[in-house]
>>> print(open('upload_33.cif').read())   # mmCIF, C-alpha atoms
data_structure
#
loop_
_atom_site.label_atom_id
_atom_site.label_comp_id
_atom_site.auth_asym_id
_atom_site.auth_seq_id
_atom_site.Cartn_x
_atom_site.Cartn_y
_atom_site.Cartn_z
CA ARG A 1 9.88 -7.63 -14.61
CA THR A 2 7.20 -9.84 -13.05
CA ASN A 3 5.90 -11.86 -15.97
CA THR A 4 6.52 -12.64 -19.62
CA THR A 5 4.94 -9.42 -20.88
CA GLY A 6 8.31 -7.69 -20.85
CA ASN A 7 10.74 -5.73 -18.74
CA VAL A 8 12.11 -2.23 -18.48
CA ASN A 9 15.81 -1.53 -18.21
CA TYR A 10 18.04 1.20 -16.82
CA VAL A 11 21.77 1.67 -16.32
CA GLN A 12 23.35 2.92 -13.11
CA VAL A 13 26.57 4.92 -13.12
CA THR A 14 28.41 5.41 -9.82
CA PHE A 15 31.46 7.51 -8.98
CA THR A 16 33.00 9.33 -6.02
CA LEU A 17 33.84 12.99 -5.58
CA GLY A 18 37.04 14.13 -3.90
CA ASN A 19 36.68 15.22 -0.28
CA LYS A 20 36.89 18.92 -1.09
CA TYR A 21 34.22 18.86 -3.80
CA GLY A 22 30.50 19.34 -3.35
CA VAL A 23 27.28 19.80 -5.31
CA ASN A 24 26.96 23.02 -7.27
CA ASN A 25 23.37 23.91 -6.38
CA ASN A 26 21.95 27.16 -7.68
CA PRO A 27 18.22 27.66 -7.03
CA ASN A 28 18.05 30.16 -9.88
CA ASP A 29 19.17 27.63 -12.48
CA ASP A 30 17.07 24.90 -14.06
CA GLN A 31 17.76 21.17 -13.77
CA TYR A 32 18.71 20.85 -17.41
CA GLU A 33 21.72 23.18 -17.26
CA SER A 34 22.77 23.11 -13.59
CA GLY A 35 23.15 20.80 -10.63
CA LEU A 36 25.83 18.17 -10.11
CA ILE A 37 24.77 16.40 -13.31
CA PRO A 38 23.03 18.78 -15.74
CA LEU A 39 20.34 16.66 -17.38
CA SER A 40 20.83 18.21 -20.81
CA SER A 41 24.38 16.84 -20.80
CA VAL A 42 23.35 13.22 -20.24
CA ARG A 43 23.62 11.13 -23.38
CA VAL A 44 23.44 7.37 -23.72
CA GLY A 45 23.50 4.79 -26.52
CA ARG A 46 23.82 1.07 -27.21
CA GLY A 47 26.24 -0.32 -29.77
CA THR A 48 29.59 -1.92 -30.55
CA PHE A 49 31.78 1.11 -31.19
CA LEU A 50 31.31 4.59 -29.75
CA GLU A 51 32.10 6.28 -33.05
CA LEU A 52 29.23 4.40 -34.72
CA THR A 53 26.70 4.69 -31.89
CA PRO A 54 24.29 7.63 -31.76
CA LEU A 55 23.99 9.04 -28.23
CA GLU A 56 20.53 10.18 -27.17
CA HIS A 57 19.39 12.78 -24.61
CA VAL A 58 17.17 10.38 -22.66
CA CYS A 59 17.31 12.20 -19.31
CA LYS A 60 16.25 15.60 -20.63
CA GLU A 61 13.35 13.90 -22.38
CA TYR A 62 12.43 11.93 -19.25
CA ALA A 63 12.53 15.05 -17.06
CA GLU A 64 10.40 17.03 -19.51
CA ALA A 65 7.77 14.27 -19.50
CA ALA A 66 7.83 14.25 -15.69
CA ALA A 67 7.42 18.04 -15.52
CA ALA A 68 4.48 17.88 -17.93
CA GLU A 69 3.00 14.89 -16.06
CA ASP A 70 2.76 13.17 -19.42
CA ALA A 71 2.59 9.42 -18.73
CA ALA A 72 2.12 8.68 -22.43
CA GLN A 73 5.39 10.35 -23.49
CA LEU A 74 7.82 7.81 -24.91
CA VAL A 75 11.15 7.60 -23.08
CA GLY A 76 14.35 5.62 -23.39
CA LEU A 77 16.57 4.68 -26.30
CA SER A 78 15.18 4.50 -29.81
CA ALA A 79 15.63 0.71 -29.68
CA GLY A 80 13.38 0.42 -26.62
CA ARG A 81 10.97 3.36 -26.50
CA VAL A 82 8.20 2.93 -23.94
CA ALA A 83 5.58 5.16 -22.35
CA LYS A 84 6.93 6.90 -19.25
CA GLY A 85 3.94 5.71 -17.23
CA THR A 86 4.66 2.08 -18.14
CA PHE A 87 8.34 2.46 -17.35
CA ASP A 88 7.70 4.08 -13.97
CA HIS A 89 4.98 1.60 -12.98
CA THR A 90 7.17 -1.40 -13.77
CA ALA A 91 10.29 0.03 -12.14
CA ALA A 92 8.42 1.06 -8.98
CA GLN A 93 7.23 -2.43 -8.01
CA PRO A 94 7.97 -3.35 -4.37
CA CYS A 95 10.25 -6.17 -5.53
CA GLY A 96 12.37 -3.73 -7.54
CA PRO A 97 15.25 -1.50 -6.44
CA GLN A 98 13.08 1.63 -6.10
CA ALA A 99 15.58 3.62 -8.16
CA SER A 100 14.87 7.22 -9.14
CA MET A 101 15.62 8.00 -12.77
CA CYS A 102 17.65 11.01 -13.91
CA ALA A 103 17.79 12.44 -10.37
CA SER A 104 20.83 14.67 -10.03
CA PRO A 105 21.79 14.48 -6.33
CA THR A 106 21.44 17.66 -4.32
CA SER A 107 23.90 16.47 -1.68
CA VAL A 108 26.60 13.81 -1.38
CA PRO A 109 27.38 13.40 2.34
CA ASP A 110 29.48 10.28 1.71
CA GLN A 111 30.99 11.65 -1.55
CA PHE A 112 29.41 8.68 -3.36
CA VAL A 113 27.26 9.53 -6.39
CA SER A 114 24.77 7.14 -7.97
CA PHE A 115 22.89 8.15 -11.11
CA ASN A 116 20.25 6.09 -12.92
CA ILE A 117 19.46 6.47 -16.61
CA PRO A 118 16.31 4.94 -18.17
CA LEU A 119 17.01 2.84 -21.26
CA GLY A 120 13.49 1.70 -22.11
CA PHE A 121 11.78 -1.59 -22.85
CA GLU A 122 13.71 -4.87 -23.27
CA VAL A 123 16.93 -3.11 -24.27
CA PHE A 124 19.07 -5.92 -22.80
CA ASP A 125 17.13 -8.86 -24.29
CA ASP A 126 19.39 -11.10 -26.41
CA GLN A 127 22.16 -8.49 -26.20
CA ALA A 128 24.60 -10.14 -23.79
CA SER A 129 27.91 -10.92 -25.50
CA ASN A 130 31.10 -11.90 -23.71
CA ASP A 131 33.26 -10.65 -26.60
CA LEU A 132 32.32 -7.08 -25.57
CA SER A 133 30.59 -6.42 -28.87
CA ASN A 134 27.51 -4.91 -27.21
CA ASN A 135 27.92 -1.95 -24.89
CA ILE A 136 26.03 0.85 -23.20
CA PHE A 137 27.85 4.16 -23.72
CA VAL A 138 27.20 6.95 -21.21
CA HIS A 139 28.40 10.54 -21.40
CA PHE A 140 27.58 13.46 -19.08
CA VAL A 141 29.03 16.53 -17.37
CA VAL A 142 29.90 16.63 -13.67
CA ASN A 143 29.40 20.16 -12.36
CA ALA A 144 30.87 20.49 -8.85
CA ILE A 145 32.31 23.16 -6.60
CA ASP A 146 35.60 23.31 -4.75
CA THR A 147 34.36 23.85 -1.20
CA VAL A 148 37.85 24.78 0.02
CA GLU A 149 38.58 27.42 -2.62
CA ARG A 150 35.07 28.85 -2.82
CA GLY A 151 35.48 31.02 0.26
CA LYS A 152 38.76 32.53 -0.84
CA ALA A 153 39.13 35.77 -2.77
CA LYS A 154 40.29 35.07 -6.31
CA ASN A 155 42.03 37.12 -8.93
CA PRO A 156 41.41 35.53 -12.34
CA ASN A 157 44.08 37.75 -13.88
CA ALA A 158 46.65 36.22 -11.57
CA GLY A 159 45.86 32.73 -12.76
CA ASP A 160 44.11 31.62 -9.59
CA ALA A 161 42.05 28.45 -10.04
CA PRO A 162 38.29 29.10 -10.03
CA TRP A 163 36.16 27.39 -7.40
CA GLN A 164 33.82 25.88 -9.95
CA MET A 165 34.94 22.52 -11.33
CA LYS A 166 33.50 20.89 -14.42
CA THR A 167 34.57 17.67 -16.03
CA THR A 168 33.16 15.12 -18.42
CA LEU A 169 32.42 11.56 -17.37
CA PHE A 170 32.40 8.88 -20.02
CA ALA A 171 31.63 5.21 -19.39
CA SER A 172 31.60 2.18 -21.67
CA ILE A 173 29.62 -0.60 -19.98
CA PRO A 174 29.65 -4.00 -21.71
CA ILE A 175 26.47 -6.06 -21.73
CA VAL A 176 27.66 -9.51 -20.63
CA ASP A 177 26.16 -12.69 -19.23
CA GLY A 178 25.93 -12.37 -15.48
CA GLY A 179 26.41 -8.62 -15.63
CA ILE A 180 22.73 -7.69 -15.59
CA ASN A 181 20.81 -7.47 -12.32
CA ILE A 182 17.29 -8.87 -12.73
CA PHE A 183 14.68 -7.85 -10.17
CA CYS A 184 11.32 -9.49 -9.48
CA ASP A 185 11.89 -12.68 -11.50
CA GLY A 186 12.56 -14.57 -8.27
CA ILE A 187 9.05 -13.90 -6.99
CA THR A 188 7.53 -15.20 -10.20
CA ALA A 189 9.61 -18.37 -10.04
CA LYS A 190 8.60 -19.00 -6.44
CA THR A 191 4.94 -18.51 -7.25
CA ASP A 192 5.07 -20.81 -10.25
CA LEU A 193 6.71 -23.58 -8.22
CA LYS A 194 3.44 -24.57 -6.54
CA ASP A 195 1.94 -25.24 -9.95
CA VAL A 196 4.56 -27.77 -10.99
CA ALA A 197 5.79 -29.32 -7.74
CA ASP A 198 4.29 -32.40 -6.13
CA VAL A 199 6.24 -33.22 -3.00
CA ASP A 200 5.68 -35.94 -0.40
CA ILE A 201 7.82 -36.57 2.68
CA VAL A 202 8.24 -40.08 4.03
CA VAL A 203 9.65 -40.44 7.56
CA GLY A 204 10.84 -43.74 8.98
CA SER A 205 12.21 -46.99 7.63
CA ALA A 206 10.75 -50.30 6.54
CA MET A 207 12.65 -53.54 6.04
CA ASN A 208 9.78 -55.26 4.19
CA THR A 209 6.23 -54.62 3.01
CA GLY A 210 4.87 -55.67 6.36
CA GLU A 211 6.56 -52.69 8.01
CA LEU A 212 5.26 -50.04 5.58
CA THR A 213 2.57 -49.07 8.07
CA ARG A 214 5.36 -47.79 10.32
CA LEU A 215 6.10 -45.00 7.89
CA ARG A 216 4.75 -41.52 8.36
CA ILE A 217 3.79 -39.91 5.08
CA MET A 218 3.02 -36.21 4.57
CA GLN A 219 1.50 -35.70 1.15
CA ASP A 220 1.48 -32.79 -1.27
CA ILE A 221 3.38 -30.40 0.99
CA ALA A 222 3.96 -27.94 -1.88
CA SER A 223 0.28 -26.98 -2.16
CA THR A 224 0.38 -24.16 0.37
CA ASP A 225 -0.13 -21.27 -2.09
CA LEU A 226 2.97 -19.73 -0.52
CA ALA A 227 1.15 -19.24 2.78
CA THR A 228 3.13 -19.35 6.00
CA VAL A 229 3.11 -22.88 7.44
CA ALA A 230 3.90 -23.69 11.05
CA SER A 231 6.85 -25.98 11.74
CA GLN A 232 6.04 -29.59 12.63
CA ARG A 233 7.97 -31.71 15.09
CA ILE A 234 8.64 -35.23 13.88
CA ASP A 235 9.16 -37.76 16.71
CA THR A 236 10.80 -41.08 15.94
CA ASP A 237 10.81 -44.31 17.86
CA SER A 238 13.86 -45.91 16.37
CA ILE A 239 17.47 -45.03 15.72
CA GLU A 240 17.03 -46.43 12.22
CA SER A 241 14.34 -43.90 11.33
CA ALA A 242 15.29 -41.81 8.34
CA LEU A 243 14.00 -39.05 6.13
#
>>> encode(input="upload_33.cif", output="structure tokens")
Amino acid sequence: RTNTTGNVNYVQVTFTLGNKYGVNNNPNDDQYESGLIPLSSVRVGRGTFLELTPLEHVCKEYAEAAAAEDAAQLVGLSAGRVAKGTFDHTAAQPCGPQASMCASPTSVPDQFVSFNIPLGFEVFDDQASNDLSNNIFVHFVVNAIDTVERGKAKNPNAGDAPWQMKTTLFASIPIVDGGINIFCDGITAKTDLKDVADVDIVVGSAMNTGELTRLRIMQDIASTDLATVASQRIDTDSIESAL
């Protein structure tokens, strides 16, 4: 977010693959049913208990809107639906993390997988609760290959393990105070500071009113409009000079 008009939210799920596993890429398959994380398998919801929380296919919807170049298509959870164009524009600001949404990795050279899921508009607002009563539930399939076993001849009738490996990843992520990363607010706060700050610096010391003329005063040093200001050397004539 960059102002009070609102913010867009996403959740990031990270995990590692074992050293012998790799991405199951098949150029003949579509992104919804294949890849390391098939997008049609990604479901997410917000609630207190999993059994009572509807899980929504937000990534398949997001990818379909991207394929159709439909910026007006609403994406995210039902509680925070927002136009894809608005979500992407807000998330792509230079001050943000530049995270790609619903991008199933095509390679994992360090075996570390990071996957971002769009949640929508102001999904986290007023939701933080340290009693773990508010959570983001994530569920998707991990579709990998066993790179060691793939090159070996297999006889399914003999009970040999197949080289394709599929498993389900489920995560329950509590929404808690201090657990939400907020991007871009710092820039707004820094910009607003010049509107409310009035800072003077007084250098030197005075024992009585007659010595006030000895003081060096730099006035209104906060009114720089955030421009770069050259450093100034302050010379003093006395060991009793102070800031």
>>> atom_distance(input="upload_33.cif", atom1="CA of Val148 (chain A)", atom2="CA of Thr167 (chain A)")
17.9 Å
>>> closest_residue(input="upload_33.cif", among="A:Pro109, A:Gly6, A:Gly96, A:Gly45", to="Phe170 (chain A)", atoms="only C-alpha atoms")
A:Gly45
>>> closest_residue(input="upload_33.cif", among="A:Lys166, A:Asn25, A:Arg46, A:Tyr32", to="Ala67 (chain A)", atoms="only C-alpha atoms")
A:Tyr32
>>> resolve_selection(input="upload_33.cif", expression="the PyMOL selection byres ((chain A and resi 145) around 6)", output="PyMOL selection string")
chain A and resi 21-22+24+144+146-147+163-165
>>> resolve_selection(input="upload_33.cif", expression="the PyMOL selection byres ((chain A and resi 215) around 6)", output="PyMOL selection string")
chain A and resi 203-204+212-214+216
>>> resolve_selection(input="upload_33.cif", expression="the PyMOL selection byres ((chain A and resi 84) around 8)", output="list in words")
Tyr62, Ala65, Asp70, Ala71, Ala72, Gln73, Leu74, Val75, Val82, Ala83, Gly85, Thr86, Phe87 and Asp88 of chain A
>>> atom_distance(input="upload_33.cif", atom1="CA of Gly151 (chain A)", atom2="CA of Val23 (chain A)")
15.0 Å
>>> atom_distance(input="upload_33.cif", atom1="CA of Ala91 (chain A)", atom2="CA of Val13 (chain A)")
17.0 Å
>>> closest_residue(input="upload_33.cif", among="A:Arg150, A:His139, A:Arg81, A:His89", to="Gly120 (chain A)", atoms="only C-alpha atoms")
A:Arg81
>>> residues_near_point(input="upload_33.cif", point="(31.7, -5.6, -32.0)", cutoff="8 Å", atoms="all atoms listed in the file", output="PyMOL selection string")
chain A and resi 47-49+131-134
>>> closest_residue(input="upload_33.cif", among="A:Cys95, A:Met101, A:Ile37, A:Val142", to="Ile182 (chain A)", atoms="only C-alpha atoms")
A:Cys95
>>> closest_residue(input="upload_33.cif", among="A:Ser231, A:Pro38, A:Thr53, A:Gly179", to="Ser129 (chain A)", atoms="only C-alpha atoms")
A:Gly179
>>> closest_residue(input="upload_33.cif", among="A:Gln31, A:Asn116, A:Ser40, A:Thr90", to="Phe15 (chain A)", atoms="only C-alpha atoms")
A:Asn116
>>> axis_aligned_box(input="upload_33.cif", around="region 144-153 of chain A", padding_each_side="8 Å", output="lines of an AutoDock Vina configuration file")
center_x = 35.0
center_y = 28.1
center_z = -4.3
size_x = 24.3
size_y = 31.3
size_z = 25.1
